[in-house]
$ cat run-v1.cif   # mmCIF, C-alpha atoms and all ligand atoms
data_my_file
loop_
_atom_site.label_atom_id
_atom_site.label_comp_id
_atom_site.auth_asym_id
_atom_site.auth_seq_id
_atom_site.Cartn_x
_atom_site.Cartn_y
_atom_site.Cartn_z
CA MET A 10 0.00 0.00 0.00
CA ASN A 11 1.27 3.47 -0.74
CA GLY A 12 0.92 6.61 1.33
CA SER A 13 -0.56 8.91 -1.34
CA GLN A 14 -3.96 10.61 -0.98
CA PRO A 15 -6.90 8.60 -2.36
CA VAL A 16 -8.14 9.77 -5.77
CA LEU A 17 -11.49 8.08 -5.16
CA ARG A 18 -12.99 7.68 -1.72
CA LEU A 19 -16.14 6.40 -0.05
CA ASP A 20 -16.77 8.01 3.30
CA HIS A 21 -19.26 6.22 5.59
CA VAL A 22 -21.47 5.30 2.64
CA GLY A 23 -24.83 3.60 3.04
CA PHE A 24 -27.06 2.45 0.17
CA HIS A 25 -30.56 0.91 0.04
CA ARG A 26 -32.46 -1.05 -2.57
CA GLY A 27 -36.07 -0.34 -1.71
CA ARG A 28 -36.25 -0.75 2.06
CA ARG A 29 -33.31 -3.12 2.22
CA ALA A 30 -29.85 -1.83 3.17
CA VAL A 31 -27.29 -3.17 0.66
CA LEU A 32 -24.21 -1.25 1.88
CA HIS A 33 -23.62 -0.13 5.46
CA ASP A 34 -21.12 2.48 6.59
CA VAL A 35 -18.54 1.66 3.89
CA SER A 36 -15.35 3.73 3.97
CA LEU A 37 -12.43 3.10 1.62
CA GLY A 38 -9.95 4.96 -0.54
CA VAL A 39 -8.43 4.14 -3.93
CA ARG A 40 -4.89 5.32 -4.71
CA THR A 41 -2.89 5.78 -7.90
CA GLY A 42 -0.16 3.21 -8.44
CA GLU A 43 -2.16 0.64 -6.50
CA MET A 44 -4.13 -2.45 -7.62
CA THR A 45 -7.10 -3.10 -5.37
CA ALA A 46 -9.20 -6.27 -5.51
CA LEU A 47 -12.76 -6.31 -4.22
CA LEU A 48 -13.91 -9.73 -3.05
CA GLY A 49 -16.98 -11.15 -1.36
CA PRO A 50 -19.69 -13.77 -1.77
CA ASN A 51 -22.50 -13.39 -4.30
CA GLY A 52 -24.82 -10.59 -3.27
CA ALA A 53 -22.30 -9.02 -0.85
CA GLY A 54 -22.63 -5.67 -2.64
CA LYS A 55 -19.54 -5.54 -4.90
CA THR A 56 -21.30 -4.36 -8.06
CA THR A 57 -23.32 -1.84 -6.05
CA LEU A 58 -20.09 -0.52 -4.57
CA LEU A 59 -18.56 -0.17 -8.06
CA ARG A 60 -21.65 1.77 -9.21
CA LEU A 61 -21.11 4.22 -6.34
CA LEU A 62 -17.40 4.56 -7.20
CA LEU A 63 -18.40 5.28 -10.80
CA GLY A 64 -20.95 7.90 -9.78
CA LEU A 65 -23.74 5.83 -11.40
CA ALA A 66 -25.55 5.54 -8.06
CA ARG A 67 -25.73 8.10 -5.28
CA PRO A 68 -25.31 7.09 -1.64
CA ASP A 69 -28.27 7.36 0.76
CA SER A 70 -25.84 8.39 3.47
CA GLY A 71 -22.17 9.34 3.51
CA GLN A 72 -20.17 10.78 0.63
CA VAL A 73 -18.23 9.80 -2.49
CA TRP A 74 -15.17 11.91 -3.35
CA LEU A 75 -13.36 12.02 -6.69
CA ASP A 76 -10.08 13.93 -7.02
CA GLY A 77 -10.83 15.92 -3.89
CA GLN A 78 -14.36 17.00 -4.89
CA LEU A 79 -17.73 15.45 -4.12
CA MET A 80 -18.72 13.07 -6.94
CA ALA A 81 -22.06 14.88 -7.27
CA HIS A 82 -20.19 18.07 -8.26
CA TRP A 83 -18.60 16.51 -11.35
CA SER A 84 -20.53 16.23 -14.64
CA ARG A 85 -20.82 12.79 -16.28
CA ARG A 86 -18.31 13.90 -18.90
CA GLU A 87 -15.81 15.06 -16.27
CA VAL A 88 -16.19 11.73 -14.48
CA ALA A 89 -15.63 9.86 -17.78
CA ARG A 90 -12.40 11.77 -18.31
CA ARG A 91 -11.14 10.48 -14.98
CA ILE A 92 -12.63 7.00 -14.62
CA ALA A 93 -12.81 4.26 -17.23
CA TYR A 94 -15.04 1.25 -16.63
CA VAL A 95 -14.77 -2.28 -17.98
CA PRO A 96 -18.18 -3.91 -17.38
CA GLN A 97 -18.94 -7.60 -17.27
CA GLY A 98 -20.27 -9.46 -20.34
CA HIS A 99 -21.17 -6.61 -22.64
CA ALA A 100 -23.14 -7.58 -25.75
CA PRO A 101 -24.34 -4.71 -27.98
CA LEU A 102 -27.25 -5.33 -30.33
CA PHE A 103 -25.49 -3.88 -33.37
CA PRO A 104 -22.41 -5.37 -35.02
CA TYR A 105 -20.11 -2.38 -34.54
CA SER A 106 -16.54 -2.95 -35.60
CA VAL A 107 -13.88 -3.33 -32.93
CA ARG A 108 -12.39 -0.01 -34.06
CA ASP A 109 -15.78 1.71 -33.55
CA ILE A 110 -16.27 0.20 -30.08
CA VAL A 111 -12.79 1.28 -28.97
CA GLY A 112 -13.42 4.70 -30.56
CA MET A 113 -16.46 5.10 -28.28
CA GLY A 114 -13.93 5.49 -25.47
CA ARG A 115 -13.08 8.89 -26.99
CA LEU A 116 -16.62 10.28 -26.62
CA ALA A 117 -15.85 11.98 -23.31
CA GLU A 118 -13.09 13.92 -25.10
CA ALA A 119 -15.02 14.83 -28.23
CA PRO A 120 -18.75 14.26 -27.63
CA PHE A 121 -19.99 16.42 -30.52
CA ALA A 122 -17.29 15.69 -33.09
CA PRO A 123 -18.88 14.09 -36.20
CA ARG A 124 -15.95 11.72 -36.48
CA LEU A 125 -12.79 10.89 -34.59
CA ARG A 126 -10.00 13.46 -34.81
CA GLU A 127 -6.43 12.44 -35.55
CA ARG A 128 -5.45 12.30 -31.90
CA ASP A 129 -8.54 10.17 -31.16
CA ARG A 130 -7.56 7.77 -33.95
CA ASP A 131 -4.03 7.65 -32.52
CA ALA A 132 -5.43 6.83 -29.07
CA VAL A 133 -7.54 4.02 -30.58
CA ALA A 134 -4.56 2.60 -32.51
CA HIS A 135 -2.40 2.77 -29.42
CA ALA A 136 -5.01 1.00 -27.27
CA LEU A 137 -5.50 -1.76 -29.86
CA ALA A 138 -1.71 -2.27 -30.03
CA GLU A 139 -1.38 -2.33 -26.22
CA LEU A 140 -3.93 -5.17 -26.08
CA SER A 141 -2.36 -6.93 -29.11
CA ILE A 142 -5.69 -6.84 -30.98
CA THR A 143 -4.83 -4.56 -33.91
CA HIS A 144 -5.65 -7.51 -36.21
CA LEU A 145 -9.25 -7.50 -34.93
CA ALA A 146 -9.87 -3.80 -35.72
CA ALA A 147 -12.23 -4.37 -38.67
CA ARG A 148 -14.05 -7.38 -37.18
CA ALA A 149 -17.61 -7.12 -35.84
CA TYR A 150 -17.62 -7.06 -32.04
CA THR A 151 -20.67 -9.36 -31.97
CA GLU A 152 -18.68 -12.09 -33.75
CA LEU A 153 -15.81 -12.21 -31.24
CA SER A 154 -15.14 -14.76 -28.53
CA GLY A 155 -15.66 -13.82 -24.86
CA GLY A 156 -11.94 -13.29 -24.28
CA GLU A 157 -11.58 -11.17 -27.42
CA ARG A 158 -14.55 -9.03 -26.33
CA GLN A 159 -12.98 -8.51 -22.94
CA ALA A 160 -9.78 -7.31 -24.62
CA VAL A 161 -11.81 -4.88 -26.76
CA LEU A 162 -13.56 -3.44 -23.67
CA LEU A 163 -10.18 -2.97 -22.02
CA ALA A 164 -8.87 -1.24 -25.14
CA ARG A 165 -11.93 1.05 -25.06
CA ALA A 166 -11.12 1.92 -21.43
CA LEU A 167 -7.48 2.61 -22.33
CA ALA A 168 -8.49 4.83 -25.26
CA GLN A 169 -10.73 6.77 -22.88
CA GLY A 170 -7.72 7.78 -20.80
CA GLY A 171 -8.25 8.85 -17.20
CA HIS A 172 -6.25 7.76 -14.21
CA ILE A 173 -8.74 5.39 -12.57
CA LEU A 174 -9.70 2.05 -14.08
CA ILE A 175 -12.58 0.05 -12.61
CA LEU A 176 -13.21 -3.50 -13.78
CA ASP A 177 -16.06 -5.88 -12.93
CA GLU A 178 -14.74 -9.48 -12.85
CA PRO A 179 -12.30 -8.86 -15.72
CA GLU A 180 -10.93 -12.40 -15.86
CA THR A 181 -14.31 -13.99 -16.64
CA GLY A 182 -14.09 -15.95 -19.88
CA LEU A 183 -10.34 -15.51 -20.32
CA ASP A 184 -8.01 -18.46 -20.86
CA TYR A 185 -4.81 -18.83 -18.82
CA GLY A 186 -2.60 -16.88 -21.24
CA GLN A 187 -5.12 -14.06 -21.63
CA LYS A 188 -5.42 -13.79 -17.83
CA GLN A 189 -1.66 -13.49 -17.42
CA ARG A 190 -1.54 -10.80 -20.13
CA LEU A 191 -4.45 -8.97 -18.49
CA TYR A 192 -2.71 -8.92 -15.11
CA ALA A 193 0.57 -7.80 -16.67
CA LEU A 194 -1.25 -4.96 -18.43
CA LEU A 195 -2.99 -3.88 -15.22
CA ARG A 196 0.38 -3.87 -13.44
CA ARG A 197 1.92 -1.73 -16.20
CA LEU A 198 -0.97 0.72 -15.91
CA ALA A 199 -0.57 0.90 -12.11
CA GLN A 200 3.15 1.54 -12.56
CA ARG A 201 2.31 4.37 -14.97
CA GLY A 202 0.17 5.96 -12.24
CA HIS A 203 -3.31 4.50 -12.72
CA ALA A 204 -5.47 3.45 -9.81
CA ILE A 205 -6.90 -0.01 -10.53
CA VAL A 206 -9.98 -1.49 -8.81
CA ALA A 207 -11.37 -4.87 -9.85
CA THR A 208 -13.95 -7.24 -8.45
CA THR A 209 -12.88 -10.85 -8.65
CA HIS A 210 -14.03 -14.32 -7.65
CA ASP A 211 -10.45 -15.64 -7.85
CA PRO A 212 -8.75 -15.03 -4.49
CA VAL A 213 -5.77 -17.27 -5.31
CA GLN A 214 -4.79 -15.14 -8.34
CA ALA A 215 -5.74 -11.93 -6.52
CA ALA A 216 -3.31 -12.76 -3.68
CA ARG A 217 -0.51 -13.01 -6.24
CA ILE A 218 -1.43 -10.06 -8.43
CA PHE A 219 -3.09 -7.33 -6.39
CA ASP A 220 -1.52 -5.02 -3.81
CA ARG A 221 -4.57 -4.62 -1.71
CA ALA A 222 -7.80 -6.50 -1.00
CA ILE A 223 -11.10 -5.23 0.33
CA LEU A 224 -13.30 -8.01 1.67
CA LEU A 225 -17.00 -7.26 1.54
CA ARG A 226 -19.60 -9.32 3.37
CA HIS A 227 -23.26 -8.46 3.96
CA GLY A 228 -22.59 -5.00 2.56
CA ARG A 229 -19.88 -4.18 5.09
CA VAL A 230 -16.11 -3.98 4.78
CA MET A 231 -14.94 -7.04 6.71
CA GLU A 232 -11.22 -6.38 6.08
CA ASP A 233 -9.13 -3.92 4.04
CA GLY A 234 -5.39 -4.47 3.73
CA SER A 235 -2.55 -6.27 1.97
CA ALA A 236 -3.91 -8.79 -0.57
CA ALA A 237 -1.17 -11.33 0.20
CA ALA A 238 -1.85 -11.12 3.95
CA LEU A 239 -5.67 -11.17 3.76
CA LEU A 240 -6.32 -13.72 1.01
CA VAL A 241 -5.39 -16.77 3.08
CA PRO A 242 -7.56 -19.84 3.80
CA VAL A 243 -8.68 -18.87 7.31
CA MET A 244 -9.88 -15.45 6.12
CA LEU A 245 -11.49 -16.81 2.94
CA ASP A 246 -13.40 -19.38 5.04
CA ARG A 247 -14.84 -16.48 7.06
CA LEU A 248 -15.53 -14.35 4.00
CA TYR A 249 -17.31 -17.07 2.03
CA ALA A 250 -19.13 -18.81 4.92
CA PRO A 251 -22.84 -19.22 4.07
CA GLN A 252 -24.49 -15.83 4.51
CA GLY A 253 -27.92 -17.09 5.52
CA GLY A 254 -30.88 -14.72 5.42
CA SER A 255 -29.75 -12.18 7.98
CA GLU A 256 -26.64 -10.30 9.01
CA GLU A 257 -24.25 -11.58 11.61
N1 LIG A 301 -31.82 -3.91 -9.21
C1 LIG A 301 -31.88 -4.41 -7.98
N2 LIG A 301 -33.03 -4.37 -7.27
C2 LIG A 301 -33.10 -4.86 -6.01
N3 LIG A 301 -32.07 -5.45 -5.36
C3 LIG A 301 -30.90 -5.52 -6.04
C4 LIG A 301 -30.74 -5.02 -7.37
N4 LIG A 301 -29.46 -5.24 -7.75
C5 LIG A 301 -28.85 -5.85 -6.73
N5 LIG A 301 -29.71 -6.02 -5.69
C6 LIG A 301 -29.41 -6.64 -4.40
O1 LIG A 301 -28.38 -5.92 -3.77
C7 LIG A 301 -27.48 -6.82 -3.12
C8 LIG A 301 -26.05 -6.59 -3.62
O2 LIG A 301 -26.01 -6.91 -5.00
P1 LIG A 301 -24.67 -6.77 -5.86
O3 LIG A 301 -25.04 -7.04 -7.28
O4 LIG A 301 -24.05 -5.48 -5.51
O5 LIG A 301 -23.81 -7.97 -5.25
P2 LIG A 301 -22.44 -8.60 -5.78
O6 LIG A 301 -21.56 -8.71 -4.59
O7 LIG A 301 -21.96 -7.83 -6.94
O8 LIG A 301 -22.91 -10.04 -6.23
P3 LIG A 301 -22.33 -11.04 -7.39
O9 LIG A 301 -21.01 -11.57 -6.89
O10 LIG A 301 -23.38 -12.12 -7.40
O11 LIG A 301 -22.24 -10.27 -8.68
C9 LIG A 301 -27.97 -8.24 -3.40
O12 LIG A 301 -28.68 -8.68 -2.29
C10 LIG A 301 -28.90 -8.05 -4.59
O13 LIG A 301 -29.95 -9.00 -4.52
#

$ encode --input "run-v1.cif" --output "structure tokens" --more "lines below"
Ligand SMILES: Nc1ncnc2c1ncn2[C@@H]1O[C@H](COP(=O)(O)OP(=O)(O)OP(=O)(O)O)[C@@H](O)[C@H]1O
Amino acid sequence: MNGSQPVLRLDHVGFHRGRRAVLHDVSLGVRTGEMTALLGPNGAGKTTLLRLLLGLARPDSGQVWLDGQLMAHWSRREVARRIAYVPQGHAPLFPYSVRDIVGMGRLAEAPFAPRLRERDRDAVAHALAELSITHLAARAYTELSGGERQAVLLARALAQGGHILILDEPETGLDYGQKQRLYALLRRLAQRGHAIVATTHDPVQAARIFDRAILLRHGRVMEDGSAAALLVPVMLDRLYAPQGGSEE
């Protein structure tokens, strides 16, 4: 863990779905140069927490801070310039080309431009090359395999720029080699000064790859600390013990 100020922070955040509390008093900070894994059993609140970090949901109590300002004070476009998101299993209805999908990452920079400018095209080419998928540029996204799609969504996030990258279960559907390349890429981005946050259901890999782990259970932060220290069998047994119908 590094000692820098968090670029993204939840401060005593609570969130409800209808009358049910989904997150309770969650406080955490995300720092540049750091890879943070978010783990917890199904329904623990990981995706909800990501939505709050992305500014897509507003907390019922507490505050979300982005680059030292309340999230609510940033416009959607300003947020998109700072935070890129790689969602899970994204399947558009229309067969856009890979180049078009990655180009959509440039919309926050040039929302009204009729077509991509030269520097947008350069950013797209650079992102495709970084993910080693330049050869897929003209292919229809809808005709790609799951792993290829995941690489395209990552390229879109890279083309978008910004210093915070949030990923929802990014290793889903990837084979062993693709996973290793994904983790190496995330590490390179962290070393270049990105803050990386990813949910994962793979604690064994997360212990090896991530700097930090936040363990979420019943909508509360159970532990927050070094991934290697926290992601050990005794802790994982506690984290993934049957949740039952009520909170402990
Ligand atoms: N649209 C919704 N309406 C009502 N409740 C919801 C909705 N989305 C999620 N929930 C509930 O909020 C809680 C947290 O869900 P969330 O999707 O954040 O969990 P998660 O940790 O991401 O789970 P998973 O690992 O299964 O993806 C769950 O109890 C879920 O049933």

$ residues_around --input "run-v1.cif" --residues "Ala138 of chain A" --least-positions-apart "3" --cutoff "12 Å" --atoms "all atoms listed in the file" --output "PyMOL selection string"
chain A and resi 108+111+131-135+141-146+160-161+163-165+167-168+194

$ axis_aligned_box --input "run-v1.cif" --around "segment 223-235 of chain A" --padding-each-side "3 Å" --output "JSON"
{"center_x": -12.9, "center_y": -6.6, "center_z": 3.5, "size_x": 26.7, "size_y": 11.4, "size_z": 12.4}

$ atom_distance --input "run-v1.cif" --atom1 "atom CA of Leu153 of chain A" --atom2 "atom O3 of ligand LIG 301 (chain A)"
26.2 Å

$ atom_distance --input "run-v1.cif" --atom1 "atom CA of Ala222 of chain A" --atom2 "atom CA of Leu37 of chain A"
11.0 Å

$ residues_near_ligand --input "run-v1.cif" --ligand "ligand LIG 301 (chain A)" --cutoff "8 Å" --atoms "only C-alpha atoms and all ligand atoms" --output "list in words"
Arg26, Gly27, Val31, Leu32, Leu48, Gly49, Pro50, Asn51, Gly52, Ala53, Gly54, Lys55, Thr56, Thr57, Leu58, His210, Leu225 and Gly228 of chain A

$ residues_near_point --input "run-v1.cif" --point "(-11.7, 8.8, -27.0)" --cutoff "10 Å" --atoms "all atoms listed in the file" --output "PDB file with C-alpha atoms, keeping the file's coordinate frame"
ATOM      1  CA  ARG A  90     -12.400  11.770 -18.310  1.00  0.00           C
ATOM      2  CA  VAL A 111     -12.790   1.280 -28.970  1.00  0.00           C
ATOM      3  CA  GLY A 112     -13.420   4.700 -30.560  1.00  0.00           C
ATOM      4  CA  MET A 113     -16.460   5.100 -28.280  1.00  0.00           C
ATOM      5  CA  GLY A 114     -13.930   5.490 -25.470  1.00  0.00           C
ATOM      6  CA  ARG A 115     -13.080   8.890 -26.990  1.00  0.00           C
ATOM      7  CA  LEU A 116     -16.620  10.280 -26.620  1.00  0.00           C
ATOM      8  CA  ALA A 117     -15.850  11.980 -23.310  1.00  0.00           C
ATOM      9  CA  GLU A 118     -13.090  13.920 -25.100  1.00  0.00           C
ATOM     10  CA  ALA A 119     -15.020  14.830 -28.230  1.00  0.00           C
ATOM     11  CA  PRO A 120     -18.750  14.260 -27.630  1.00  0.00           C
ATOM     12  CA  LEU A 125     -12.790  10.890 -34.590  1.00  0.00           C
ATOM     13  CA  ARG A 126     -10.000  13.460 -34.810  1.00  0.00           C
ATOM     14  CA  ARG A 128      -5.450  12.300 -31.900  1.00  0.00           C
ATOM     15  CA  ASP A 129      -8.540  10.170 -31.160  1.00  0.00           C
ATOM     16  CA  ARG A 130      -7.560   7.770 -33.950  1.00  0.00           C
ATOM     17  CA  ASP A 131      -4.030   7.650 -32.520  1.00  0.00           C
ATOM     18  CA  ALA A 132      -5.430   6.830 -29.070  1.00  0.00           C
ATOM     19  CA  VAL A 133      -7.540   4.020 -30.580  1.00  0.00           C
ATOM     20  CA  ARG A 165     -11.930   1.050 -25.060  1.00  0.00           C
ATOM     21  CA  ALA A 166     -11.120   1.920 -21.430  1.00  0.00           C
ATOM     22  CA  LEU A 167      -7.480   2.610 -22.330  1.00  0.00           C
ATOM     23  CA  ALA A 168      -8.490   4.830 -25.260  1.00  0.00           C
ATOM     24  CA  GLN A 169     -10.730   6.770 -22.880  1.00  0.00           C
ATOM     25  CA  GLY A 170      -7.720   7.780 -20.800  1.00  0.00           C
TER      26      GLY A 170
END

$ closest_residue --input "run-v1.cif" --among "A:Leu224, A:Ile173, A:Val16, A:Leu75" --to "Arg201 of chain A" --atoms "all atoms listed in the file"
A:Ile173

$ closest_residue --input "run-v1.cif" --among "A:Val39, A:Ala147, A:Ala30, A:Leu195" --to "Gln14 of chain A" --atoms "all atoms listed in the file"
A:Val39

$ atom_distance --input "run-v1.cif" --atom1 "atom CA of Arg85 of chain A" --atom2 "atom CA of Arg18 of chain A"
17.3 Å

$ closest_residue --input "run-v1.cif" --among "A:Glu139, A:Asp177, A:Glu87, A:Asp246" --to "Arg197 of chain A" --atoms "all atoms listed in the file"
A:Glu139

$ residues_around --input "run-v1.cif" --residues "Leu63 of chain A" --least-positions-apart "6" --cutoff "9 Å" --atoms "all atoms listed in the file" --output "ChimeraX atom specification"
/A:80,88-89,92-94,175

$ decode --input "run-v1.cif" --residues "segment 191-220 of chain A" --atoms "N, CA and C atoms" --output "mmCIF file, in the first residue's frame"
data_model
loop_
_atom_site.group_PDB
_atom_site.id
_atom_site.type_symbol
_atom_site.label_atom_id
_atom_site.label_comp_id
_atom_site.auth_asym_id
_atom_site.auth_seq_id
_atom_site.Cartn_x
_atom_site.Cartn_y
_atom_site.Cartn_z
ATOM 1 N N LEU A 191 -3.602 -9.993 -19.126
ATOM 2 C CA LEU A 191 -4.453 -8.966 -18.491
ATOM 3 C C LEU A 191 -3.785 -8.434 -17.221
ATOM 4 N N TYR A 192 -3.314 -9.358 -16.371
ATOM 5 C CA TYR A 192 -2.713 -8.920 -15.105
ATOM 6 C C TYR A 192 -1.435 -8.113 -15.364
ATOM 7 N N ALA A 193 -0.657 -8.547 -16.367
ATOM 8 C CA ALA A 193 0.574 -7.804 -16.675
ATOM 9 C C ALA A 193 0.230 -6.391 -17.146
ATOM 10 N N LEU A 194 -0.831 -6.285 -17.950
ATOM 11 C CA LEU A 194 -1.250 -4.965 -18.434
ATOM 12 C C LEU A 194 -1.706 -4.089 -17.259
ATOM 13 N N LEU A 195 -2.511 -4.664 -16.358
ATOM 14 C CA LEU A 195 -2.990 -3.879 -15.216
ATOM 15 C C LEU A 195 -1.806 -3.399 -14.376
ATOM 16 N N ARG A 196 -0.808 -4.272 -14.213
ATOM 17 C CA ARG A 196 0.379 -3.867 -13.437
ATOM 18 C C ARG A 196 1.111 -2.724 -14.137
ATOM 19 N N ARG A 197 1.257 -2.824 -15.464
ATOM 20 C CA ARG A 197 1.921 -1.734 -16.197
ATOM 21 C C ARG A 197 1.174 -0.418 -16.001
ATOM 22 N N LEU A 198 -0.160 -0.496 -16.071
ATOM 23 C CA LEU A 198 -0.966 0.723 -15.908
ATOM 24 C C LEU A 198 -0.789 1.295 -14.500
ATOM 25 N N ALA A 199 -0.765 0.417 -13.496
ATOM 26 C CA ALA A 199 -0.571 0.899 -12.115
ATOM 27 C C ALA A 199 0.802 1.573 -12.004
ATOM 28 N N GLN A 200 1.797 0.945 -12.629
ATOM 29 C CA GLN A 200 3.147 1.541 -12.559
ATOM 30 C C GLN A 200 3.214 2.891 -13.259
ATOM 31 N N ARG A 201 2.349 3.073 -14.275
ATOM 32 C CA ARG A 201 2.312 4.367 -14.968
ATOM 33 C C ARG A 201 1.473 5.390 -14.202
ATOM 34 N N GLY A 202 0.886 4.979 -13.065
ATOM 35 C CA GLY A 202 0.167 5.957 -12.244
ATOM 36 C C GLY A 202 -1.342 5.822 -12.259
ATOM 37 N N HIS A 203 -1.863 4.719 -12.807
ATOM 38 C CA HIS A 203 -3.307 4.498 -12.724
ATOM 39 C C HIS A 203 -3.665 3.928 -11.353
ATOM 40 N N ALA A 204 -4.895 4.180 -10.940
ATOM 41 C CA ALA A 204 -5.472 3.447 -9.805
ATOM 42 C C ALA A 204 -6.349 2.361 -10.410
ATOM 43 N N ILE A 205 -6.153 1.126 -9.967
ATOM 44 C CA ILE A 205 -6.905 -0.008 -10.532
ATOM 45 C C ILE A 205 -7.784 -0.610 -9.434
ATOM 46 N N VAL A 206 -9.065 -0.809 -9.740
ATOM 47 C CA VAL A 206 -9.980 -1.487 -8.810
ATOM 48 C C VAL A 206 -10.708 -2.557 -9.607
ATOM 49 N N ALA A 207 -10.678 -3.799 -9.123
ATOM 50 C CA ALA A 207 -11.370 -4.867 -9.845
ATOM 51 C C ALA A 207 -12.077 -5.787 -8.868
ATOM 52 N N THR A 208 -13.317 -6.164 -9.204
ATOM 53 C CA THR A 208 -13.948 -7.235 -8.446
ATOM 54 C C THR A 208 -13.418 -8.553 -9.013
ATOM 55 N N THR A 209 -13.349 -9.544 -8.176
ATOM 56 C CA THR A 209 -12.882 -10.846 -8.652
ATOM 57 C C THR A 209 -13.449 -11.956 -7.775
ATOM 58 N N HIS A 210 -13.646 -13.131 -8.414
ATOM 59 C CA HIS A 210 -14.033 -14.319 -7.653
ATOM 60 C C HIS A 210 -12.849 -15.292 -7.607
ATOM 61 N N ASP A 211 -11.635 -14.770 -7.813
ATOM 62 C CA ASP A 211 -10.454 -15.639 -7.850
ATOM 63 C C ASP A 211 -9.428 -15.175 -6.810
ATOM 64 N N PRO A 212 -9.643 -15.523 -5.530
ATOM 65 C CA PRO A 212 -8.747 -15.033 -4.489
ATOM 66 C C PRO A 212 -7.315 -15.531 -4.628
ATOM 67 N N VAL A 213 -7.126 -16.720 -5.215
ATOM 68 C CA VAL A 213 -5.772 -17.274 -5.315
ATOM 69 C C VAL A 213 -4.927 -16.388 -6.245
ATOM 70 N N GLN A 214 -5.495 -16.057 -7.412
ATOM 71 C CA GLN A 214 -4.794 -15.142 -8.336
ATOM 72 C C GLN A 214 -4.664 -13.759 -7.713
ATOM 73 N N ALA A 215 -5.751 -13.298 -7.065
ATOM 74 C CA ALA A 215 -5.743 -11.931 -6.516
ATOM 75 C C ALA A 215 -4.623 -11.780 -5.486
ATOM 76 N N ALA A 216 -4.377 -12.836 -4.695
ATOM 77 C CA ALA A 216 -3.311 -12.765 -3.680
ATOM 78 C C ALA A 216 -1.957 -12.553 -4.338
ATOM 79 N N ARG A 217 -1.792 -13.119 -5.544
ATOM 80 C CA ARG A 217 -0.507 -13.006 -6.245
ATOM 81 C C ARG A 217 -0.370 -11.686 -6.977
ATOM 82 N N ILE A 218 -1.489 -11.162 -7.470
ATOM 83 C CA ILE A 218 -1.426 -10.059 -8.428
ATOM 84 C C ILE A 218 -1.675 -8.689 -7.795
ATOM 85 N N PHE A 219 -2.641 -8.641 -6.876
ATOM 86 C CA PHE A 219 -3.092 -7.328 -6.391
ATOM 87 C C PHE A 219 -2.286 -6.890 -5.172
ATOM 88 N N ASP A 220 -2.206 -5.561 -4.980
ATOM 89 C CA ASP A 220 -1.523 -5.025 -3.808
ATOM 90 C C ASP A 220 -2.423 -5.120 -2.594
#
